[in-house]
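Chemist: First, the structure itself, so that you have it in front of you.
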Amino acid sequence: MRGDDRWVTDRRTGMRRWYPAAHVRLIEVRLLDGPNVYRLEPAVKLEVAIGRRRTWYGQREPGRHAVVRLGARVPAGQWPPPLALLAAWVRRFRVDHDEGRAGTAVHRSSDPGHWILSYPWTRSERARTISEAAFHLAERDIPAARSATLTPGQQRTVTRWNERIAEVGGSGPAWLRDEDRRVPIVSISGTNGKSTTTRLVTHILVLAGRHVGTTTSDGVLIDERLVDPGDWTGPGGAGQVLGRSDVDVAVLETARGGIVLRGVGYESNEASVLTNVTSDHLDLQGIHTLPELAEVKSTICRITRPDGWVVLNGDDRYVAAIARRVRANVAFFSLGPRGGSAIVRGHLAKGGRAYVLDGEQLVEAEGRKRTEIAALRDVPITIGGLARHNIANVLAASGAARALGASIAQVAHGLSDFRPSSDRSPGRLNIFRLGQRVVIVDFAHNEAGTEAVLDVAEGIAGGAAGRASPITMIIGTAGDRPDDTLRGIGRIAARRAQRVAIKETLRYLRGRSRQSLVGELLAGVREGGQVPAGVPVYGSETEALRFELAGAAGAGNGRPDSPRVIVLMCHEERDEVFELLQRLGARPVDVATELTELVPRLQERPAR
């Protein structure tokens, strides 16, 4: 008996049992209905932990030696003995109950001591019961070899589980096979920008005469008309659109949560876009690092058909690396100087395709050929080039639309006609004027989003002839972000804005206390060089905006209508915020016609 062996009280029975250090704990049995990070088909995810409980600790961007490839199969020689026994029972039960012979695989998790066993499934309850049976028998160290001699008690246990498995069946996976699909699909994922890119692609295709079904975090849209509000970025939303008879193309925003919890809802797509991978939604479902997050999101790229197109961010090393793992044609997009990043220039040198920024022109490049799409000043959502994150989204959307057959002229028409308004792109860089104050309402919810919206705010605040208006940044996000992300938001806001305020989002605490969420944001503010005691905390988004617009605590330099740019990270009360602005007399800014008035220094730019 080793020194780290222990007695443990079973919570279900109250009995004390002795467990060796190699005790195996069942974490979850999850049935994934479609392509996922482990395999590009419906799969059972059986997660177990071996040994003592430990917490993940590491770097968000680990060195090459520390990167965990979630989908990689671990050779059998590296399996811990308890896991090998578990896998043996899974294989045996699958064969005995007509659930297949091949495909059982083991994967590493970055959670210490956690292992994933995956295998294909065809009948839901039978697959789940096989996992439960295999774990029960492996936990009791009952040999799985058919030649093994079992005690009478062990044999009775095996017989009971076989009987239970034989009694259950269940339905099949709820994914859409290619032979049953009638419309082409473009799937869009990423940390930031996926909603905007989805809306842009949809607008381009609608103006080109297509009937488009769209899923977003705002709801399901048909030809840009909202038909079902809510977050439909998972397989349920895809099923809604793909089951309709009034669409001829599907543009599907695809979030991390749906991929991790249920898998992708269809077998393949004709095009996919991965916008970027930054720190967000980490420490959830065992995803802790940026390479792991990129691997999960890349599922939509790995299912793109060989004759289709994968559109990747060539400025993001984790996204660009996905090009090596896909079957389809690859097009990069890049904001890098001299026609794109080094990766993109190398891709073009080999005759590849890319969407790049050449001076102030958006360009499609293929090999040495260059075709101008549009000038930045003619694409309203870029705010004359201030919104660099939206330039990236525009390039990504151009690649996706071209992959689905849109012409250069149709892409240019769609981009020039798209406005970042509260009806067409709600909560994404919506800009209002109220006297001398400019209000920016944006869904920014992580560090990269905070930086992006502040880029625009600083460009607007800069004015002309050296004049500058102060910036107020109202921050806050959901409680399921890790501490380092919350502190990062506070730190960025404090360094770049002249005033910081916090708004609470009480419906999105997600297990974290109010005090903890506010405390981490304030810790970031302190790191950014501002005094936390001077940061007001408001109970809601509307309350925060109302008080800051009124010049609370001197926010308006003594007069409520003093020039100021106010940025609100808006997640919970978007409609109420828009209603408040309307009641106060704020006017939406049409950046297409009011660009130089909004950003006077752009008047100095020569027209091209």
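Ordering of the structure tokens sets the chain letters (A, B, ...), residue numbers begin anew at 1 in every chain, and ligands are numbered from 1 in the order given.
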Taking only range 206-441 of chain A into account, list the residues labelled alpha helix (DSSP H) by DSSP (computed from the backbone), as number ranges by chain.
Modeler: A: 206-207, 235-242, 256-261, 290-297, 299-302, 317-320, 342-349, 388-403, 408-417
Chemist: Just want the 9 Å neighbourhood of Ser416 in chain A, counted on only C-alpha atoms, with same-chain residues fewer than 3 positions away dropped. Output as JSON, numbers by chain.
Modeler: {"A": [374, 378, 379, 380, 381, 411, 412, 413, 419, 592]}
Chemist: Any chance you can output those residues with N, CA and C atoms as a tab-separated table (two decimals), in the first residue's frame?
Modeler:
```
chain	number	residue	atom	x	y	z
A	374	ALA	N	-12.55	47.20	-53.68
A	374	ALA	CA	-13.15	48.49	-53.29
A	374	ALA	C	-12.12	49.30	-52.52
A	378	ASP	N	-14.95	53.68	-49.36
A	378	ASP	CA	-16.25	53.30	-49.92
A	378	ASP	C	-16.89	52.14	-49.17
A	379	VAL	N	-16.26	51.68	-48.11
A	379	VAL	CA	-16.79	50.56	-47.32
A	379	VAL	C	-17.11	51.10	-45.93
A	380	PRO	N	-18.36	51.46	-45.66
A	380	PRO	CA	-18.70	52.20	-44.43
A	380	PRO	C	-18.24	51.52	-43.15
A	381	ILE	N	-18.30	50.20	-43.09
A	381	ILE	CA	-18.04	49.51	-41.83
A	381	ILE	C	-16.58	49.64	-41.38
A	411	VAL	N	-19.40	41.56	-54.77
A	411	VAL	CA	-18.77	41.75	-53.46
A	411	VAL	C	-18.64	43.25	-53.16
A	412	ALA	N	-18.15	44.02	-54.14
A	412	ALA	CA	-17.98	45.46	-53.94
A	412	ALA	C	-19.32	46.12	-53.65
A	413	HIS	N	-20.37	45.73	-54.35
A	413	HIS	CA	-21.70	46.31	-54.13
A	413	HIS	C	-22.17	46.03	-52.70
A	419	ARG	N	-24.14	48.93	-43.77
A	419	ARG	CA	-23.95	49.95	-42.75
A	419	ARG	C	-23.87	49.30	-41.37
A	592	ALA	N	-21.39	56.20	-43.82
A	592	ALA	CA	-21.17	56.29	-45.26
A	592	ALA	C	-21.25	57.73	-45.74
```
Chemist: What separation in Å, quoted to one decimal, exists between CA of Ile204 in chain A and CA of Asn430 in chain A?
Modeler: 19.9 Å
Chemist: Rounded to one decimal, what separation in Å do you get between CA of Asn393 in chain A and CA of Thr197 in chain A?
Modeler: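 Atom-to-atom, CA of Asn393 in chain A and CA of Thr197 in chain A are spaced 5.3 Å apart.
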Chemist: Rank A:Ser187, A:Ser245, A:Ser217, A:Thr371 by their smallest atom-to-atom distance to Thr304 in chain A, using only C-alpha atoms, and report the top residue only.
Modeler: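 Of the candidates, the smallest distance to Thr304 in chain A is held by A:Ser187.
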Chemist: Please provide as a PyMOL selection string all residues within 12 Å of Val67 in chain A, with the sequence filter that same-chain residues fewer than 5 positions apart are discarded (counting only C-alpha atoms).
Modeler: chain A and resi 58-62+72+108-110+287-295+318
Chemist: How about saving the chosen residues, C-alpha atoms kept, as a PDB file, in the first residue's frame?
Modeler:
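Dumped to out11.pdb:
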```pdb
ATOM      1  CA  GLY A  58       0.007  26.915 -17.459  1.00  0.00           C
ATOM      2  CA  GLN A  59       0.469  29.489 -20.196  1.00  0.00           C
ATOM      3  CA  ARG A  60      -2.311  30.587 -22.534  1.00  0.00           C
ATOM      4  CA  GLU A  61       0.268  30.478 -25.326  1.00  0.00           C
ATOM      5  CA  PRO A  62       2.423  27.511 -24.338  1.00  0.00           C
ATOM      6  CA  ALA A  72      -4.388  13.613 -31.735  1.00  0.00           C
ATOM      7  CA  ARG A 108      -4.977  13.738 -24.081  1.00  0.00           C
ATOM      8  CA  SER A 109      -6.558  16.638 -22.231  1.00  0.00           C
ATOM      9  CA  SER A 110      -4.675  19.608 -20.840  1.00  0.00           C
ATOM     10  CA  ILE A 287     -10.108  24.286 -23.152  1.00  0.00           C
ATOM     11  CA  HIS A 288      -7.327  26.340 -21.544  1.00  0.00           C
ATOM     12  CA  THR A 289      -4.916  27.554 -24.236  1.00  0.00           C
ATOM     13  CA  LEU A 290      -5.095  29.403 -27.547  1.00  0.00           C
ATOM     14  CA  PRO A 291      -3.795  26.420 -29.577  1.00  0.00           C
ATOM     15  CA  GLU A 292      -6.556  24.264 -28.065  1.00  0.00           C
ATOM     16  CA  LEU A 293      -9.188  26.894 -28.821  1.00  0.00           C
ATOM     17  CA  ALA A 294      -7.939  27.149 -32.414  1.00  0.00           C
ATOM     18  CA  GLU A 295      -8.108  23.378 -32.782  1.00  0.00           C
ATOM     19  CA  TYR A 318      -2.749  29.750 -34.768  1.00  0.00           C
TER      20      TYR A 318
END
```
Chemist: List the spatial neighbours of Glu167 in chain A as a ChimeraX atom specification - criterion: any atom at most 12 Å away, only C-alpha atoms, same-chain residues fewer than 2 positions off excluded.
Modeler: /A:97,125-126,129-130,160-165,169-170
Chemist: Pick out the closest residue to Ser131 in chain A from this set: A:Ala102, A:Ala323, A:Leu31, A:Ala208. Count only C-alpha atoms.
Modeler: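 Closest to Ser131 in chain A, using only C-alpha atoms: A:Leu31.
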Chemist: Could you give me, as an MDAnalysis selection string, the residues within 9 Å of Gly219 in chain A, counting only C-alpha atoms and dropping anything in the same chain fewer than 5 positions from it?
Modeler: chainID A and resid 214 226:233 237
Chemist: Those residues with N, CA and C atoms, as a PDB file, in the first residue's frame please?
Modeler:
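Below is the file that was written, again_32.pdb:
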```pdb
ATOM      1  N   THR A 214     -29.509  32.463 -42.503  1.00  0.00           N
ATOM      2  CA  THR A 214     -28.362  32.870 -41.693  1.00  0.00           C
ATOM      3  C   THR A 214     -28.597  32.533 -40.233  1.00  0.00           C
ATOM      4  N   LEU A 226     -35.111  38.905 -39.393  1.00  0.00           N
ATOM      5  CA  LEU A 226     -35.069  38.056 -38.212  1.00  0.00           C
ATOM      6  C   LEU A 226     -36.366  37.275 -38.084  1.00  0.00           C
ATOM      7  N   VAL A 227     -36.255  35.937 -38.048  1.00  0.00           N
ATOM      8  CA  VAL A 227     -37.451  35.098 -37.931  1.00  0.00           C
ATOM      9  C   VAL A 227     -37.499  34.341 -36.615  1.00  0.00           C
ATOM     10  N   ASP A 228     -36.364  34.218 -35.934  1.00  0.00           N
ATOM     11  CA  ASP A 228     -36.339  33.502 -34.652  1.00  0.00           C
ATOM     12  C   ASP A 228     -35.215  34.068 -33.795  1.00  0.00           C
ATOM     13  N   PRO A 229     -35.508  34.961 -32.842  1.00  0.00           N
ATOM     14  CA  PRO A 229     -34.453  35.569 -32.030  1.00  0.00           C
ATOM     15  C   PRO A 229     -33.825  34.566 -31.070  1.00  0.00           C
ATOM     16  N   GLY A 230     -32.621  34.876 -30.641  1.00  0.00           N
ATOM     17  CA  GLY A 230     -31.904  34.015 -29.703  1.00  0.00           C
ATOM     18  C   GLY A 230     -30.555  33.630 -30.272  1.00  0.00           C
ATOM     19  N   ASP A 231     -29.752  33.007 -29.441  1.00  0.00           N
ATOM     20  CA  ASP A 231     -28.433  32.554 -29.884  1.00  0.00           C
ATOM     21  C   ASP A 231     -28.591  31.215 -30.603  1.00  0.00           C
ATOM     22  N   TRP A 232     -28.476  31.235 -31.923  1.00  0.00           N
ATOM     23  CA  TRP A 232     -28.651  30.032 -32.737  1.00  0.00           C
ATOM     24  C   TRP A 232     -27.356  29.675 -33.461  1.00  0.00           C
ATOM     25  N   THR A 233     -26.211  29.780 -32.759  1.00  0.00           N
ATOM     26  CA  THR A 233     -24.922  29.517 -33.389  1.00  0.00           C
ATOM     27  C   THR A 233     -24.475  28.061 -33.252  1.00  0.00           C
ATOM     28  N   GLY A 237     -29.508  25.782 -34.679  1.00  0.00           N
ATOM     29  CA  GLY A 237     -29.734  26.846 -35.649  1.00  0.00           C
ATOM     30  C   GLY A 237     -29.443  26.381 -37.061  1.00  0.00           C
TER      31      GLY A 237
END
```
Chemist: Using only C-alpha atoms, determine which residues lie at most 7 Å from Asn269 in chain A, disregarding the query and same-chain residues fewer than 6 positions distant; provide the list as a PyMOL selection string.
Modeler: chain A and resi 184-187+303-305
Chemist: Would you save the residues of that selection, restricted to N, CA and C atoms, as a tab-separated table (two decimals), in the first residue's frame?
Modeler:
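Wrote it out as selection12.tsv, contents follow:
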```tsv
chain	number	residue	atom	x	y	z
A	184	PRO	N	-25.76	24.91	-50.53
A	184	PRO	CA	-24.37	25.07	-50.10
A	184	PRO	C	-24.30	25.80	-48.75
A	185	ILE	N	-23.20	25.55	-48.03
A	185	ILE	CA	-23.00	26.12	-46.69
A	185	ILE	C	-21.66	26.84	-46.64
A	186	VAL	N	-21.65	28.00	-45.99
A	186	VAL	CA	-20.41	28.60	-45.53
A	186	VAL	C	-20.51	28.69	-44.01
A	187	SER	N	-19.51	28.12	-43.33
A	187	SER	CA	-19.45	28.14	-41.86
A	187	SER	C	-18.43	29.18	-41.43
A	303	ILE	N	-13.91	20.12	-42.16
A	303	ILE	CA	-15.01	19.46	-42.87
A	303	ILE	C	-15.34	20.15	-44.19
A	304	THR	N	-14.56	21.15	-44.58
A	304	THR	CA	-14.78	21.79	-45.88
A	304	THR	C	-14.41	20.82	-46.99
A	305	ARG	N	-15.26	20.74	-47.99
A	305	ARG	CA	-15.08	19.76	-49.08
A	305	ARG	C	-13.79	20.04	-49.85
```
Chemist: Any idea what the distance is between CA of Leu362 in chain A and CA of Ser272 in chain A?
Modeler: 20.2 Å
Chemist: For Lys194 in chain A, which residue among A:Leu252, A:Thr151, A:Val48, A:Ile489 is the nearest when counting only C-alpha atoms?
Modeler: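 Among A:Leu252, A:Thr151, A:Val48, A:Ile489, it is A:Leu252 that comes nearest to Lys194 in chain A.
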Chemist: Contacts of Arg53 in chain A at 12 Å or less, counting only C-alpha atoms, minus same-chain residues fewer than 3 places along, as a list in words?
Modeler: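 Residues near the query, excluding close chain neighbours: Ala21, Ala22, His23, Val24, Arg25, Ile27, Val48, Ala49, Ile50, Trp56, Asp111, Pro112, Gly113 and His114 of chain A.
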Chemist: Hey, which of A:Ser425, A:Thr485, A:Thr505, A:Ser562 ends up closest to Gly449 in chain A? Count only C-alpha atoms.
Modeler: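 Comparing A:Ser425, A:Thr485, A:Thr505, A:Ser562 against Gly449 in chain A, the winner is A:Thr485.
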Chemist: Looking at A:Ala375, A:Val220, A:Ile116, A:Ala448, which one is nearest to Thr278 in chain A, with distances taken over only C-alpha atoms?
Modeler: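 Counting only C-alpha atoms, the residue closest to Thr278 in chain A is A:Ala448.
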Chemist: Return the single residue from A:Arg424, A:Arg496, A:Arg64, A:Arg510 that is closest to Thr202 in chain A, with distances computed using only C-alpha atoms.
Modeler: A:Arg424
